[in-house]
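J.: Take this structure first; my questions come after.
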Amino acid sequence: MRVIDLRSDTVTRPTPAMRRAMAEAEVGDDVWGDDPTVIELEAEVARMLGKEAAVYVPSGAMGNLVSVRSHTRPGDELFIHELAHIVVHEQAGAAVLAGVQTRMLQGAGGVLEVGEIASRLRDPSDVHHARQSLLCLENTIGELGGRVLPQERLAELAGFAHENGLRVHMDGARVWNAAVASGRTPAEIAAPVDSASVCFSKGLGAPVGSAVVGSADFIAVARRNRKLFGGGMRQAGIIAAGALHALRHHVERLADDHRNARRLADGLRAARLLRFDPEAVETNIVIAKTTGSPAAPEIVEKLAEAGVLCASLDDRTVRFVTHLDVDSEAVDAAISAAEPVLS
Ligand SMILES: Cc1ncc(COP(=O)(O)O)c(C=O)c1O
């Protein structure tokens, strides 16, 4: 049976050209700062994001954690949406490893509102209060279907944060998808924020790695914290070469993933057990809601038996993600296999 894996855009395998680039990569010891491929990757990603510097890290979670730690001191407080990846999927790392209290906010569609932050600002001279030092945003917004954070809102939130002494970090694991979907460059998107973490191992299809970008001073601190968290790597050029190849060859093609995601949602729009909304699909993530019973985990199991792999986010929500290893023909095959299960 043919299996089409739509669980996540992290399931991709390196392409033959990417494997070649990795096999031929020039390497050094990156902890000593002399791996030429890592240096090249960091320079390229900093340029693409319009920031002074970048540091290569093993994962998106470490990119966020290093950023939180580098912007704050233990005892600080950060503002963030309650459905952000940092909150839902990173094991309270900000509390455990950076000593930072998380102030979780709501906001329709995963988008925070300035008023929500404004009403929670505290008098810093009052000894009772945690220092409020950071606002974390996410773009695209993963848990809510790969939505692009509207740029005007991003700029408004960052502007308000800066006026009130907060730094701004953006979890841009899928900023490349946001750029392709919105027609903006990654640098335009990241212009209002102080730091961003970006991933090479999601839609771009590299096997490992993320980067944190920001000012040169900030990245010097982030580089220290990467080492603190055990993220210093040696001949990392081998994996950095995969990331460089991905940056140079796999960004524009994300438009195919976006088209395929919409094609999937459209093709299953008549499904009885799950409700698809093709209009809501902005990038490569399709969220479908159950219409009654069975619950989402059971539907996911039945789809897996039919060769369509996807994920349940909770009892009512199923997620499908398109990526480099799934072309339009595979999406059509997934629709054909899923239809009888869902109707
Ligand atoms: C929005 C977002 N941020 C951060 C991460 C963490 O990336 P990693 O799995 O590389 O730690 C993910 C992973 O899927 C993500 O979707």
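For the structure tokens, the naming scheme is as follows: chains receive sequential letters (A, B, ...) according to their order of presentation, residues are indexed from 1 within each chain, and ligands are indexed from 1 in presentation order.
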Counting only C-alpha atoms and all ligand atoms, give me one row per residue of chain A with an atom at most 6 Å from an atom of ligand 1, showing the shortest contact pair and its distance in Å to one decimal, sorted by chain then residue number, as JSON lines.
T.:
{"residue": "A:Ser59", "atom": "CA", "partner": "ligand 1", "partner_atom_place_in_ligand_line": "10 (O)", "distance": 3.7}
{"residue": "A:Gly60", "atom": "CA", "partner": "ligand 1", "partner_atom_place_in_ligand_line": "7 (O)", "distance": 3.4}
{"residue": "A:Ala61", "atom": "CA", "partner": "ligand 1", "partner_atom_place_in_ligand_line": "11 (O)", "distance": 3.7}
{"residue": "A:His85", "atom": "CA", "partner": "ligand 1", "partner_atom_place_in_ligand_line": "3 (N)", "distance": 5.2}
{"residue": "A:Gly142", "atom": "CA", "partner": "ligand 1", "partner_atom_place_in_ligand_line": "1 (C)", "distance": 5.1}
{"residue": "A:Asp171", "atom": "CA", "partner": "ligand 1", "partner_atom_place_in_ligand_line": "3 (N)", "distance": 5.7}
{"residue": "A:Ala173", "atom": "CA", "partner": "ligand 1", "partner_atom_place_in_ligand_line": "3 (N)", "distance": 4.9}
J.: Excluding same-chain residues fewer than 6 positions from range 222-236 of chain A, what lies within 10 Å of it counting only C-alpha atoms, as a ChimeraX atom specification?
T.: /A:25-38,54-59,62-63,65-71,97,208-209,212-214,216
J.: Between A:Phe276, A:Glu77, A:Leu157, A:Gly93, which is the closest to Glu113 in chain A once you count only C-alpha atoms?
T.: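 Closest residue, counting only C-alpha atoms: A:Leu157.
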J.: Per DSSP on the backbone, filter range 155-272 of chain A down to the residues in helix (DSSP H, G or I) and report them as a VMD selection string.
T.: chain A and resid 155 to 163 175 to 182 186 to 190 216 to 228 237 to 249 254 to 267
J.: Looking at only C-alpha atoms, which of A:Gly159, A:Arg275, A:Gly292, A:Pro340 is the one that sits closest to Ala306 in chain A?
T.: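 So, comparing all the options, the nearest one is A:Pro340.
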J.: Which residues come within 12 Å of Ser293 in chain A, counting only C-alpha atoms, excluding same-chain residues fewer than 5 positions away, as a VMD selection string?
T.: chain A and resid 272 to 274 298 to 299 315 to 317 342
J.: So, with only C-alpha atoms as the atoms that count, which of A:Glu279, A:Glu42, A:Asp257, A:Glu116 lies closest to Thr322 in chain A?
T.: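 Among the listed residues, the smallest separation from Thr322 in chain A belongs to A:Asp257.
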J.: Determine the nearest neighbour of Ala338 in chain A from the options A:Arg248, A:Gly183, A:Ile4, A:Asp277, counting only C-alpha atoms.
T.: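 Between A:Arg248, A:Gly183, A:Ile4, A:Asp277, the residue approaching Ala338 in chain A most closely is A:Ile4.
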J.: Find the distance between CA of Leu268 in chain A and CA of Leu83 in chain A and write it in Å to one decimal.
T.: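 Separating CA of Leu268 in chain A from CA of Leu83 in chain A is a distance of 26.3 Å.
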J.: Measuring between only C-alpha atoms, which one of A:Val100, A:Leu204, A:Ala190, A:Val341 shows the shortest distance to Asn284 in chain A?
T.: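 Among the listed residues, the smallest separation from Asn284 in chain A belongs to A:Leu204.
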J.: Please identify the strand (DSSP E or B) residues within range 55-219 of chain A (assignment by DSSP from backbone atoms) and present them as a PyMOL selection string.
T.: chain A and resi 55-57+76-81+101-105+131-138+141+147+167-172+195-199+210-214
J.: Rounded to one decimal place, report the CA of Asp256 in chain A-CA of Asp327 in chain A distance in Å.
T.: 7.9 Å
J.: Measuring between only C-alpha atoms, which one of A:Val180, A:Val88, A:Ile141, A:Ala206 shows the shortest distance to Pro16 in chain A?
T.: A:Ala206
